[in-house]
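data-v2.cif, holding mmCIF, C-alpha atoms:
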data_target
#
loop_
_atom_site.label_atom_id
_atom_site.label_comp_id
_atom_site.auth_asym_id
_atom_site.auth_seq_id
_atom_site.Cartn_x
_atom_site.Cartn_y
_atom_site.Cartn_z
CA MET A 1 -47.37 15.43 -36.00
CA ARG A 2 -45.45 12.13 -35.73
CA ARG A 3 -47.51 9.19 -34.49
CA HIS A 4 -46.71 5.78 -33.03
CA LEU A 5 -49.09 2.85 -33.24
CA ARG A 6 -51.88 3.59 -30.76
CA LEU A 7 -53.37 0.37 -29.45
CA VAL A 8 -56.89 -0.07 -28.14
CA THR A 9 -57.11 0.97 -24.51
CA ALA A 10 -58.93 -0.37 -21.51
CA GLY A 11 -61.24 2.61 -21.08
CA THR A 12 -63.43 4.82 -23.27
CA ALA A 13 -63.10 8.60 -23.15
CA LEU A 14 -66.76 9.50 -22.70
CA ALA A 15 -67.56 13.24 -22.90
CA ALA A 16 -63.86 14.12 -23.41
CA TYR A 17 -62.36 15.94 -26.37
CA CYS A 18 -59.39 15.02 -28.55
CA ASN A 19 -56.16 16.97 -28.33
CA GLY A 20 -54.15 18.84 -30.93
CA SER A 21 -54.87 21.06 -33.90
CA PRO A 22 -53.20 21.93 -37.19
CA ASP A 23 -50.48 24.54 -37.41
CA PRO A 24 -52.35 27.84 -38.02
CA ASN A 25 -49.54 28.78 -40.42
CA ALA A 26 -49.82 25.62 -42.52
CA LYS A 27 -49.37 26.38 -46.21
CA PRO A 28 -51.32 25.13 -49.24
CA ASN A 29 -49.86 22.19 -51.12
CA PRO A 30 -47.70 23.73 -53.90
CA TYR A 31 -47.24 20.72 -56.17
CA PRO A 32 -49.03 20.20 -59.49
CA ILE A 33 -51.11 17.03 -59.68
CA VAL A 34 -49.27 14.25 -61.53
CA THR A 35 -51.11 12.84 -64.55
CA ALA A 36 -48.29 10.88 -66.22
CA ALA A 37 -49.02 7.33 -67.32
CA PRO A 38 -47.89 4.52 -64.99
CA THR A 39 -44.63 2.69 -65.77
CA PHE A 40 -44.94 -1.04 -66.48
CA LEU A 41 -42.82 -3.42 -64.39
CA LYS A 42 -43.90 -7.01 -65.05
CA SER A 43 -46.79 -9.43 -65.54
CA VAL A 44 -47.57 -12.88 -64.16
CA PRO A 45 -50.66 -15.03 -64.66
CA HIS A 46 -53.54 -13.07 -63.07
CA GLY A 47 -51.54 -9.91 -62.42
CA HIS A 48 -49.73 -6.81 -63.70
CA SER A 49 -47.35 -4.55 -61.77
CA TYR A 50 -46.61 -0.85 -62.44
CA THR A 51 -45.27 2.16 -60.63
CA ALA A 52 -47.06 5.51 -60.65
CA GLY A 53 -46.38 8.96 -59.26
CA ALA A 54 -43.78 11.67 -59.73
CA PRO A 55 -40.09 10.66 -59.83
CA GLY A 56 -38.93 10.17 -56.27
CA PHE A 57 -42.54 9.86 -55.03
CA GLU A 58 -43.53 6.57 -56.71
CA PHE A 59 -45.94 3.95 -55.43
CA TYR A 60 -46.92 0.52 -56.73
CA LEU A 61 -49.94 0.21 -58.99
CA THR A 62 -51.11 -3.39 -59.22
CA HIS A 63 -53.81 -5.20 -61.20
CA LEU A 64 -55.10 -8.56 -59.93
CA TYR A 65 -57.55 -10.85 -61.74
CA GLY A 66 -59.55 -14.01 -61.10
CA SER A 67 -60.58 -15.89 -57.97
CA ALA A 68 -59.57 -14.82 -54.48
CA TYR A 69 -56.74 -17.37 -54.45
CA ASP A 70 -55.60 -16.39 -57.95
CA MET A 71 -55.39 -12.71 -57.00
CA GLY A 72 -53.48 -13.46 -53.81
CA TYR A 73 -51.05 -15.77 -55.58
CA ALA A 74 -50.42 -13.17 -58.29
CA GLN A 75 -49.62 -10.46 -55.75
CA GLY A 76 -47.24 -12.83 -53.97
CA GLN A 77 -45.46 -13.55 -57.25
CA LEU A 78 -45.28 -9.90 -58.30
CA TYR A 79 -43.88 -8.66 -54.98
CA THR A 80 -42.21 -11.61 -53.25
CA PRO A 81 -39.45 -9.62 -51.48
CA GLN A 82 -41.82 -6.78 -50.56
CA VAL A 83 -44.49 -9.14 -49.19
CA ARG A 84 -41.97 -10.94 -47.01
CA GLU A 85 -40.43 -7.72 -45.74
CA MET A 86 -43.77 -6.01 -45.08
CA ALA A 87 -45.16 -9.02 -43.19
CA ASN A 88 -42.08 -9.61 -41.05
CA ARG A 89 -41.48 -5.95 -40.24
CA THR A 90 -45.15 -5.41 -39.37
CA TRP A 91 -45.18 -8.44 -37.10
CA ASN A 92 -42.01 -7.37 -35.32
CA TYR A 93 -43.43 -3.88 -34.87
CA MET A 94 -46.70 -5.25 -33.46
CA VAL A 95 -44.76 -7.40 -30.98
CA GLU A 96 -42.72 -4.37 -29.89
CA GLN A 97 -45.72 -2.09 -29.51
CA VAL A 98 -47.83 -4.64 -27.63
CA ALA A 99 -44.95 -5.27 -25.20
CA GLU A 100 -44.66 -1.53 -24.53
CA ASN A 101 -48.41 -0.97 -24.13
CA LEU A 102 -49.58 -4.20 -22.49
CA PRO A 103 -50.82 -2.54 -19.23
CA SER A 104 -53.09 -0.17 -21.21
CA LEU A 105 -54.88 -2.93 -23.14
CA PRO A 106 -58.27 -4.23 -21.98
CA LYS A 107 -57.59 -6.55 -19.04
CA TRP A 108 -59.02 -9.63 -20.71
CA LEU A 109 -56.78 -9.08 -23.73
CA SER A 110 -53.63 -8.31 -21.72
CA ASP A 111 -54.32 -11.39 -19.58
CA LEU A 112 -54.77 -13.54 -22.69
CA ILE A 113 -51.51 -12.28 -24.19
CA GLY A 114 -49.75 -12.81 -20.86
CA ASP A 115 -51.08 -16.36 -20.58
CA VAL A 116 -50.52 -17.70 -24.12
CA GLY A 117 -48.38 -15.12 -25.94
CA LEU A 118 -49.26 -12.71 -28.73
CA GLU A 119 -49.39 -15.31 -31.52
CA LEU A 120 -51.93 -17.57 -29.82
CA ALA A 121 -53.87 -14.59 -28.51
CA LEU A 122 -54.28 -13.23 -32.04
CA ASP A 123 -55.20 -16.70 -33.28
CA ALA A 124 -57.97 -16.75 -30.68
CA LEU A 125 -59.18 -13.35 -31.92
CA ILE A 126 -59.10 -14.61 -35.51
CA ASP A 127 -61.35 -17.48 -34.42
CA LEU A 128 -63.78 -14.89 -33.02
CA THR A 129 -63.87 -12.98 -36.33
CA LYS A 130 -64.03 -15.89 -38.78
CA PRO A 131 -67.77 -16.62 -38.47
CA SER A 132 -68.47 -13.01 -39.55
CA THR A 133 -65.84 -12.83 -42.30
CA GLY A 134 -66.05 -14.02 -45.91
CA ALA A 135 -64.02 -17.18 -46.52
CA TYR A 136 -62.60 -15.57 -49.66
CA PHE A 137 -60.40 -13.30 -47.54
CA TYR A 138 -58.61 -16.32 -46.11
CA GLU A 139 -58.42 -17.89 -49.57
CA GLU A 140 -56.71 -14.74 -50.87
CA LEU A 141 -54.28 -14.72 -47.93
CA GLU A 142 -53.47 -18.38 -48.61
CA GLY A 143 -52.74 -17.52 -52.23
CA LEU A 144 -50.64 -14.53 -51.21
CA ALA A 145 -48.63 -16.67 -48.80
CA ALA A 146 -48.10 -19.41 -51.39
CA GLY A 147 -47.06 -16.92 -54.08
CA ALA A 148 -44.53 -15.22 -51.79
CA GLY A 149 -43.42 -18.34 -49.90
CA ILE A 150 -44.37 -17.22 -46.39
CA ASP A 151 -46.68 -18.39 -43.60
CA ALA A 152 -50.37 -17.63 -44.21
CA LYS A 153 -50.98 -17.50 -40.45
CA LEU A 154 -48.56 -14.57 -40.19
CA LEU A 155 -50.62 -12.68 -42.77
CA GLU A 156 -53.85 -13.46 -40.92
CA ARG A 157 -52.41 -12.09 -37.68
CA ILE A 158 -51.14 -8.82 -39.09
CA HIS A 159 -54.52 -8.21 -40.72
CA LEU A 160 -55.97 -7.69 -37.23
CA ILE A 161 -53.90 -4.55 -36.84
CA GLY A 162 -56.86 -2.33 -37.73
CA GLU A 163 -58.90 -3.80 -34.88
CA LEU A 164 -56.04 -3.42 -32.41
CA THR A 165 -55.22 0.22 -33.18
CA GLN A 166 -56.84 3.62 -33.41
CA GLY A 167 -56.21 6.07 -36.24
CA ASP A 168 -56.82 9.81 -36.20
CA CYS A 169 -58.37 10.41 -39.61
CA SER A 170 -60.63 12.88 -41.43
CA MET A 171 -63.30 12.69 -44.12
CA ILE A 172 -65.50 14.86 -46.31
CA GLY A 173 -68.40 13.78 -48.52
CA ALA A 174 -69.69 16.60 -50.75
CA TRP A 175 -72.22 16.77 -53.57
CA GLY A 176 -74.80 19.02 -55.24
CA ASN A 177 -74.63 22.65 -54.12
CA ALA A 178 -71.38 22.12 -52.21
CA THR A 179 -69.21 21.34 -55.23
CA ALA A 180 -68.26 22.89 -58.53
CA GLY A 181 -70.59 21.48 -61.18
CA GLY A 182 -72.51 19.43 -58.62
CA LYS A 183 -69.97 16.60 -58.63
CA THR A 184 -69.85 14.01 -55.87
CA LEU A 185 -66.47 14.23 -54.13
CA GLN A 186 -64.98 12.53 -51.11
CA LEU A 187 -61.85 13.09 -49.02
CA ARG A 188 -60.41 10.18 -47.08
CA ALA A 189 -57.36 11.18 -45.02
CA LEU A 190 -55.52 8.42 -43.14
CA ASP A 191 -53.70 9.80 -40.09
CA TRP A 192 -52.16 6.71 -38.57
CA ASP A 193 -48.81 5.38 -37.42
CA THR A 194 -45.88 7.30 -38.94
CA GLU A 195 -43.07 5.42 -37.18
CA GLY A 196 -43.80 1.85 -38.28
CA PRO A 197 -43.12 0.04 -41.56
CA PHE A 198 -46.40 0.90 -43.28
CA ARG A 199 -45.04 3.97 -45.06
CA ASP A 200 -42.43 1.89 -46.94
CA PHE A 201 -44.88 -0.16 -49.04
CA PRO A 202 -47.35 2.27 -50.66
CA ALA A 203 -49.68 0.74 -53.21
CA VAL A 204 -52.92 1.13 -55.13
CA THR A 205 -54.23 -2.34 -55.92
CA VAL A 206 -56.87 -2.63 -58.64
CA TYR A 207 -58.92 -5.78 -58.20
CA HIS A 208 -60.73 -7.46 -61.12
CA PRO A 209 -62.51 -10.27 -59.22
CA THR A 210 -64.49 -13.12 -60.71
CA THR A 211 -66.27 -13.84 -57.43
CA PRO A 212 -70.05 -13.94 -58.09
CA GLY A 213 -71.61 -10.53 -57.49
CA ALA A 214 -68.27 -8.73 -57.36
CA HIS A 215 -67.06 -5.81 -59.48
CA PRO A 216 -63.69 -4.06 -59.94
CA PHE A 217 -62.40 -1.68 -57.28
CA ALA A 218 -59.22 0.16 -56.32
CA ASN A 219 -57.80 -0.47 -52.84
CA VAL A 220 -55.46 2.29 -51.58
CA GLY A 221 -53.04 1.00 -48.97
CA LEU A 222 -49.90 -1.08 -48.96
CA VAL A 223 -48.40 -4.18 -50.52
CA ALA A 224 -49.65 -7.46 -49.01
CA PHE A 225 -52.50 -5.87 -47.04
CA ILE A 226 -55.76 -7.06 -48.59
CA GLY A 227 -58.20 -5.36 -46.23
CA ALA A 228 -59.44 -1.87 -47.12
CA PHE A 229 -58.78 1.38 -45.33
CA THR A 230 -59.40 3.51 -48.42
CA GLY A 231 -60.87 2.78 -51.85
CA GLN A 232 -63.12 3.54 -54.80
CA SER A 233 -65.14 1.09 -56.89
CA SER A 234 -66.43 0.74 -60.43
CA ALA A 235 -69.93 1.29 -58.97
CA GLN A 236 -68.89 4.95 -58.43
CA MET A 237 -68.62 4.43 -54.70
CA GLY A 238 -65.95 5.35 -52.17
CA VAL A 239 -65.32 4.53 -48.51
CA SER A 240 -63.81 6.43 -45.58
CA GLU A 241 -63.00 5.54 -41.96
CA ILE A 242 -62.06 7.36 -38.75
CA GLY A 243 -61.04 5.66 -35.53
CA VAL A 244 -62.98 7.00 -32.54
CA SER A 245 -61.07 7.50 -29.31
CA TYR A 246 -63.37 10.30 -28.07
CA PRO A 247 -66.97 9.11 -28.49
CA ASP A 248 -70.11 10.07 -26.66
CA SER A 249 -72.56 7.60 -25.21
CA THR A 250 -75.47 8.93 -27.27
CA TYR A 251 -74.12 7.46 -30.49
CA PHE A 252 -71.57 4.83 -29.45
CA GLY A 253 -72.09 1.68 -27.43
CA SER A 254 -70.02 -1.35 -26.49
CA GLU A 255 -67.07 -2.76 -28.43
CA THR A 256 -66.14 -6.37 -29.17
CA PHE A 257 -63.75 -8.52 -31.20
CA ALA A 258 -66.48 -11.04 -32.04
CA GLY A 259 -67.42 -9.63 -35.42
CA VAL A 260 -66.14 -8.71 -38.86
CA PRO A 261 -62.90 -6.68 -38.85
CA PHE A 262 -63.74 -3.30 -40.32
CA VAL A 263 -61.03 -3.55 -43.01
CA TYR A 264 -62.90 -6.57 -44.39
CA LEU A 265 -66.28 -4.86 -44.07
CA LEU A 266 -65.03 -1.82 -46.02
CA ARG A 267 -63.61 -4.06 -48.70
CA ASP A 268 -66.92 -5.93 -49.01
CA MET A 269 -68.62 -2.55 -49.50
CA LEU A 270 -66.19 -1.73 -52.31
CA GLU A 271 -66.33 -5.14 -53.95
CA PHE A 272 -70.03 -5.99 -53.76
CA ASP A 273 -72.23 -2.95 -53.03
CA ASN A 274 -73.85 -0.95 -55.82
CA THR A 275 -75.47 1.89 -53.86
CA VAL A 276 -74.90 3.84 -50.68
CA PHE A 277 -78.10 2.31 -49.34
CA GLU A 278 -76.75 -1.23 -49.83
CA SER A 279 -73.66 -0.24 -47.86
CA VAL A 280 -75.74 1.22 -45.03
CA GLU A 281 -77.78 -1.98 -44.91
CA ARG A 282 -74.56 -4.03 -44.85
CA MET A 283 -73.30 -2.05 -41.86
CA GLN A 284 -76.62 -2.32 -40.07
CA SER A 285 -76.72 -6.10 -40.43
CA ALA A 286 -73.01 -6.74 -39.75
CA ASN A 287 -71.61 -8.18 -36.56
CA ARG A 288 -69.80 -4.94 -35.72
CA THR A 289 -66.72 -4.52 -33.53
CA CYS A 290 -65.03 -1.24 -32.54
CA ASP A 291 -65.95 2.46 -32.38
CA LEU A 292 -65.56 4.10 -35.79
CA ILE A 293 -66.97 6.76 -38.06
CA LEU A 294 -67.47 5.18 -41.48
CA GLY A 295 -68.29 7.08 -44.65
CA VAL A 296 -69.64 5.99 -48.00
CA GLY A 297 -70.20 8.13 -51.10
CA ASP A 298 -72.23 7.29 -54.22
CA GLY A 299 -71.64 9.17 -57.44
CA LYS A 300 -74.74 7.66 -59.09
CA ALA A 301 -77.07 8.87 -56.35
CA SER A 302 -75.05 12.09 -55.83
CA THR A 303 -74.92 11.72 -52.06
CA ALA A 304 -72.88 10.45 -49.12
CA ARG A 305 -73.57 9.11 -45.66
CA GLY A 306 -71.59 9.00 -42.43
CA VAL A 307 -72.11 6.34 -39.80
CA ALA A 308 -71.40 6.26 -36.06
CA TYR A 309 -70.44 2.61 -35.84
CA SER A 310 -69.88 0.45 -32.76
CA GLY A 311 -70.46 -3.09 -31.62
CA SER A 312 -73.88 -2.45 -30.11
CA SER A 313 -75.21 0.57 -32.03
CA LEU A 314 -75.25 2.31 -35.39
CA PHE A 315 -76.50 5.76 -36.42
CA VAL A 316 -76.61 7.11 -39.98
CA PHE A 317 -76.06 10.79 -40.80
CA ASP A 318 -76.57 13.00 -43.82
CA ASP A 319 -76.22 16.76 -44.24
CA GLU A 320 -79.48 17.49 -42.39
CA ASN A 321 -78.87 15.50 -39.20
CA LEU A 322 -75.06 15.66 -38.99
CA GLN A 323 -73.67 15.10 -35.49
CA PRO A 324 -72.12 16.16 -33.17
CA PHE A 325 -73.95 19.47 -33.40
CA ASN A 326 -75.07 22.35 -31.21
CA ASN A 327 -77.18 25.02 -32.84
CA THR A 328 -75.17 28.05 -31.76
CA PRO A 329 -73.14 30.60 -33.74
CA ASP A 330 -69.88 29.31 -32.25
CA THR A 331 -70.46 25.60 -32.89
CA TRP A 332 -67.22 23.80 -33.79
CA HIS A 333 -69.01 21.37 -36.15
CA PRO A 334 -71.51 23.42 -38.20
CA ARG A 335 -73.75 21.89 -40.83
CA PHE A 336 -73.54 22.54 -44.57
CA ASN A 337 -76.10 21.63 -47.21
CA ASP A 338 -75.05 18.65 -49.34
CA LEU A 339 -71.96 17.88 -47.25
CA ILE A 340 -70.83 15.69 -44.35
CA TYR A 341 -67.45 15.82 -42.60
CA TRP A 342 -65.48 14.95 -39.48
CA GLY A 343 -61.97 16.02 -38.46
CA MET A 344 -59.73 13.48 -36.71
CA ASP A 345 -62.32 12.02 -34.28
CA TRP A 346 -65.92 12.30 -33.09
CA LEU A 347 -65.40 14.95 -30.39
CA CYS A 348 -62.49 16.95 -31.82
CA PRO A 349 -62.98 20.74 -31.96
CA GLY A 350 -59.27 21.38 -32.55
CA TYR A 351 -59.46 19.82 -36.01
CA SER A 352 -63.17 19.99 -36.86
CA ARG A 353 -63.28 23.77 -36.46
CA PRO A 354 -60.44 24.52 -38.96
CA LEU A 355 -61.78 21.84 -41.30
CA ALA A 356 -65.18 23.56 -41.23
CA ALA A 357 -63.52 26.93 -41.85
CA GLN A 358 -61.77 25.64 -44.96
CA ILE A 359 -65.00 24.06 -46.21
CA ALA A 360 -66.86 27.33 -45.66
CA ALA A 361 -64.18 29.28 -47.54
CA HIS A 362 -64.64 27.10 -50.64
CA TYR A 363 -68.26 25.99 -50.28
CA GLY A 364 -70.04 25.80 -53.63
CA ALA A 365 -66.75 25.60 -55.53
CA LEU A 366 -65.18 22.46 -54.09
CA THR A 367 -63.03 20.52 -56.57
CA PRO A 368 -60.49 17.74 -56.08
CA GLU A 369 -57.74 20.32 -56.60
CA ILE A 370 -59.09 22.63 -53.87
CA ILE A 371 -59.54 19.74 -51.43
CA ILE A 372 -55.93 18.69 -52.08
CA THR A 373 -54.32 22.13 -52.16
CA ASP A 374 -56.24 24.09 -49.55
CA ILE A 375 -58.13 21.69 -47.30
CA ALA A 376 -56.04 18.56 -46.63
CA ALA A 377 -52.75 20.48 -46.62
CA GLN A 378 -53.88 23.39 -44.45
CA VAL A 379 -55.80 21.20 -41.99
CA GLN A 380 -52.77 18.87 -42.03
CA THR A 381 -54.76 15.68 -42.30
CA GLY A 382 -53.71 12.56 -44.17
CA ASP A 383 -50.17 11.90 -42.98
CA VAL A 384 -49.74 8.21 -43.99
CA HIS A 385 -51.90 8.47 -47.09
CA ALA A 386 -54.72 10.59 -48.42
CA ALA A 387 -57.19 10.15 -51.25
CA VAL A 388 -59.78 12.27 -53.00
CA TYR A 389 -62.48 10.45 -54.95
CA ASP A 390 -64.22 12.12 -57.88
CA LEU A 391 -67.17 9.72 -57.91
CA THR A 392 -68.78 11.49 -60.85
CA GLU A 393 -65.85 11.35 -63.29
CA GLN A 394 -64.33 8.20 -61.72
CA ARG A 395 -60.97 9.75 -60.97
CA LEU A 396 -58.87 8.84 -57.95
CA TYR A 397 -56.29 11.23 -56.49
CA VAL A 398 -53.74 9.77 -54.06
CA SER A 399 -50.68 10.75 -52.07
CA PHE A 400 -48.47 8.67 -49.78
CA MET A 401 -46.08 9.47 -46.94
CA ALA A 402 -42.34 9.58 -47.62
CA LYS A 403 -40.50 6.32 -47.07
CA MET A 404 -38.52 5.93 -43.87
CA ASN A 405 -35.10 6.87 -45.26
CA ALA A 406 -36.20 9.52 -47.75
CA THR A 407 -34.44 12.86 -47.45
CA GLY A 408 -34.85 16.30 -48.97
CA GLN A 409 -38.61 16.05 -49.55
CA PRO A 410 -41.84 16.68 -47.60
CA GLU A 411 -42.68 13.84 -45.23
CA MET A 412 -46.45 13.84 -44.76
CA ALA A 413 -48.74 12.68 -47.56
CA TYR A 414 -50.84 15.86 -47.50
CA ASP A 415 -47.72 17.95 -48.27
CA ARG A 416 -46.44 15.80 -51.15
CA PRO A 417 -47.28 15.53 -54.87
CA TRP A 418 -50.62 13.88 -55.56
CA THR A 419 -51.27 11.55 -58.50
CA GLN A 420 -54.47 11.38 -60.54
CA LEU A 421 -55.60 7.95 -61.74
CA ASP A 422 -58.27 7.40 -64.40
CA LEU A 423 -60.28 4.56 -62.89
CA ASN A 424 -62.40 3.96 -65.99
CA ALA A 425 -59.18 3.14 -67.86
CA LEU A 426 -57.75 1.07 -65.00
CA PHE A 427 -60.92 -0.95 -64.51
CA SER A 428 -60.96 -1.84 -68.21
CA LEU A 429 -57.33 -3.03 -68.44
CA PRO A 430 -57.36 -6.61 -69.79
CA PRO A 431 -55.75 -9.46 -67.88
CA PRO A 432 -52.37 -10.96 -68.85
#
Once more with this new file: its structure as structure tokens, please.
Amino acid sequence: MRRHLRLVTAGTALAAYCNGSPDPNAKPNPYPIVTAAPTFLKSVPHGHSYTAGAPGFEFYLTHLYGSAYDMGYAQGQLYTPQVREMANRTWNYMVEQVAENLPSLPKWLSDLIGDVGLELALDALIDLTKPSTGAYFYEELEGLAAGAGIDAKLLERIHLIGELTQGDCSMIGAWGNATAGGKTLQLRALDWDTEGPFRDFPAVTVYHPTTPGAHPFANVGLVAFIGAFTGQSSAQMGVSEIGVSYPDSTYFGSETFAGVPFVYLLRDMLEFDNTVFESVERMQSANRTCDLILGVGDGKASTARGVAYSGSSLFVFDDENLQPFNNTPDTWHPRFNDLIYWGMDWLCPGYSRPLAAQIAAHYGALTPEIIITDIAAQVQTGDVHAAVYDLTEQRLYVSFMAKMNATGQPEMAYDRPWTQLDLNALFSLPPP
């Protein structure tokens, strides 16, 4: 399914259900997992650049070291043309999409944009988020802008895109009896905009921060975007996220912009948290914003948690209290021991039911390979990018959508060759 950027809307779909479902004839992913070593491109002070992936399916693999500013400056130096192109194309796309969807935005936001323009409106929203956001994010964006020779304010504005849009995504967290050998595994499938520029800048960025209390982590996303949608840390932890367009009032409350953007919250979880319980506490104490399902897995504790997250409420779920749930034989979201999952939204039978069927077919024998080959591909989830975390062995498996002008190859990430990355090796790579 092709998707345009879906902006936040004025209303909330209470007690409604999401639309769509995977093709019942969807085939398993036929490609072998790529394990070839990355190809070195260049180094600068505080950074290395590589490519990884099968020929014709490459993505950038970047290592950044030092302070927040140092890491931003290094990325700007390593990818100057790409940073400029990504930032300018993303901004132009945001302007276009907001103009087309202005009447559907919340009235206060559409009025603000109408009164002062999109730039000043986003600057006002940034002012609302700054008190809840670590200053180091802005320091890194300043370094990135200086290294690439562009406007830091432009980068700040495009980093609000996660708060302004909704993504249809899926997740699984599995451990213990659910997996082969009792490993802790996690699927994070990003189903987002397939028409914009995001698909043209795929990257895994490995951070080696010197910020007090921080540890290395891998951020799966795109060049010049420092927030986290997807990632795995040296603390054997991984994060997932699903945008919620179809909530219910039992578990979701009000939404606001006056809080920490979730892409910064997820990155803080990757960079600073050492246990799933620290991440849950971080979410509970955060100034939260929009309706989301967030997931966090912990390979040390051999468990995962899912969270119904909104501005005014937060509920934590494990395998025993997983929601939504009705205790009937035909439930579309059944429970499994040692496993949590959601397909595409909160109230979404069309995807949750086939996702549950694939889980049931492989329950007790789940491996990264099975999740890649039989679950993500046949449920058709993870169009822009998809990742499987082996939090026990510290391996990261990733796939990215085809670039805009690619021909003669599968388009969606779940149908393309996946690449395995050894995070223990990547986290130990020395600086330049």
- Mind telling me what the PyMOL selection byres ((chain A and resi 137) around 9) catches here, as a ChimeraX atom specification? /A:68-69,133-136,138-142,226-227,264
Output for the residues just chosen: C-alpha atoms as a tab-separated table (two decimals), in the coordinates of the input:
chain	number	residue	atom	x	y	z
A	68	ALA	CA	-59.57	-14.82	-54.48
A	69	TYR	CA	-56.74	-17.37	-54.45
A	133	THR	CA	-65.84	-12.83	-42.30
A	134	GLY	CA	-66.05	-14.02	-45.91
A	135	ALA	CA	-64.02	-17.18	-46.52
A	136	TYR	CA	-62.60	-15.57	-49.66
A	138	TYR	CA	-58.61	-16.32	-46.11
A	139	GLU	CA	-58.42	-17.89	-49.57
A	140	GLU	CA	-56.71	-14.74	-50.87
A	141	LEU	CA	-54.28	-14.72	-47.93
A	142	GLU	CA	-53.47	-18.38	-48.61
A	226	ILE	CA	-55.76	-7.06	-48.59
A	227	GLY	CA	-58.20	-5.36	-46.23
A	264	TYR	CA	-62.90	-6.57	-44.39
Residues of segment 127-240 of chain A within 12 Å of segment 336-356 of chain A: nearest atom pair and distance (Å, one decimal) for each, counting only C-alpha atoms, sorted by chain and number, as JSON lines?
{"residue": "A:Gln166", "atom": "CA", "partner": "A:Asp345", "partner_atom": "CA", "distance": 10.1}
{"residue": "A:Gly167", "atom": "CA", "partner": "A:Met344", "partner_atom": "CA", "distance": 8.2}
{"residue": "A:Asp168", "atom": "CA", "partner": "A:Met344", "partner_atom": "CA", "distance": 4.7}
{"residue": "A:Cys169", "atom": "CA", "partner": "A:Met344", "partner_atom": "CA", "distance": 4.4}
{"residue": "A:Ser170", "atom": "CA", "partner": "A:Gly343", "partner_atom": "CA", "distance": 4.5}
{"residue": "A:Met171", "atom": "CA", "partner": "A:Tyr341", "partner_atom": "CA", "distance": 5.4}
{"residue": "A:Ile172", "atom": "CA", "partner": "A:Tyr341", "partner_atom": "CA", "distance": 4.3}
{"residue": "A:Gly173", "atom": "CA", "partner": "A:Ile340", "partner_atom": "CA", "distance": 5.2}
{"residue": "A:Ala174", "atom": "CA", "partner": "A:Leu339", "partner_atom": "CA", "distance": 4.4}
{"residue": "A:Trp175", "atom": "CA", "partner": "A:Asp338", "partner_atom": "CA", "distance": 5.4}
{"residue": "A:Gly176", "atom": "CA", "partner": "A:Asp338", "partner_atom": "CA", "distance": 5.9}
{"residue": "A:Asn177", "atom": "CA", "partner": "A:Asp338", "partner_atom": "CA", "distance": 6.2}
{"residue": "A:Ala178", "atom": "CA", "partner": "A:Asp338", "partner_atom": "CA", "distance": 5.8}
{"residue": "A:Thr179", "atom": "CA", "partner": "A:Asp338", "partner_atom": "CA", "distance": 8.7}
{"residue": "A:Gly182", "atom": "CA", "partner": "A:Asp338", "partner_atom": "CA", "distance": 9.7}
{"residue": "A:Lys183", "atom": "CA", "partner": "A:Asp338", "partner_atom": "CA", "distance": 10.8}
{"residue": "A:Thr184", "atom": "CA", "partner": "A:Asp338", "partner_atom": "CA", "distance": 9.6}
{"residue": "A:Leu185", "atom": "CA", "partner": "A:Leu339", "partner_atom": "CA", "distance": 9.5}
{"residue": "A:Gln186", "atom": "CA", "partner": "A:Tyr341", "partner_atom": "CA", "distance": 9.5}
{"residue": "A:Leu187", "atom": "CA", "partner": "A:Tyr341", "partner_atom": "CA", "distance": 8.9}
{"residue": "A:Arg188", "atom": "CA", "partner": "A:Tyr341", "partner_atom": "CA", "distance": 10.1}
{"residue": "A:Ala189", "atom": "CA", "partner": "A:Met344", "partner_atom": "CA", "distance": 8.9}
{"residue": "A:Leu190", "atom": "CA", "partner": "A:Met344", "partner_atom": "CA", "distance": 9.2}
{"residue": "A:Asp191", "atom": "CA", "partner": "A:Met344", "partner_atom": "CA", "distance": 7.8}
{"residue": "A:Trp192", "atom": "CA", "partner": "A:Met344", "partner_atom": "CA", "distance": 10.3}
{"residue": "A:Ser240", "atom": "CA", "partner": "A:Tyr341", "partner_atom": "CA", "distance": 10.5}
- Message: For a cutoff of 6 Å around the file-coordinate point (-60.5, -3.7, -41.6), which residues qualify once you count all atoms listed in the file? I'd like the result as JSON, numbers by chain.
- Response: {"A": [162, 227, 228, 261, 262, 263, 264]}
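Near Pro209 of chain A, within 8 Å and counting only C-alpha atoms, sit A:Leu64, A:Tyr65, A:Gly66, A:Ser67, A:Ala68, A:Met71, A:Ala214, A:His215, A:Pro216; same-chain residues fewer than 3 positions away were not included.
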Contacts of Ala258 of chain A at 6 Å (only C-alpha atoms; same-chain gap of 2+ positions) as an mmCIF file with C-alpha atoms, in the coordinates of the input:
data_model
loop_
_atom_site.group_PDB
_atom_site.id
_atom_site.type_symbol
_atom_site.label_atom_id
_atom_site.label_comp_id
_atom_site.auth_asym_id
_atom_site.auth_seq_id
_atom_site.Cartn_x
_atom_site.Cartn_y
_atom_site.Cartn_z
ATOM 1 C CA LEU A 128 -63.780 -14.890 -33.020
ATOM 2 C CA THR A 129 -63.870 -12.980 -36.330
ATOM 3 C CA THR A 256 -66.140 -6.370 -29.170
#
- Query: Residues picked by the PyMOL selection byres ((chain A and resi 73) around 9) here, as a list in words?
  - Reply: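 Taken over the shown coordinates, the PyMOL selection byres ((chain A and resi 73) around 9) returns His46, Ala68, Tyr69, Asp70, Met71, Gly72, Ala74, Gln75, Gly76, Gln77, Leu78, Glu140, Leu141, Glu142, Gly143, Leu144, Ala145, Ala146, Gly147 and Ala148 of chain A.
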- Task: Would you mind reading off the distance between atom CA of Val379 of chain A and atom CA of Pro22 of chain A, one decimal, in Å?
- Result: 5.5 Å
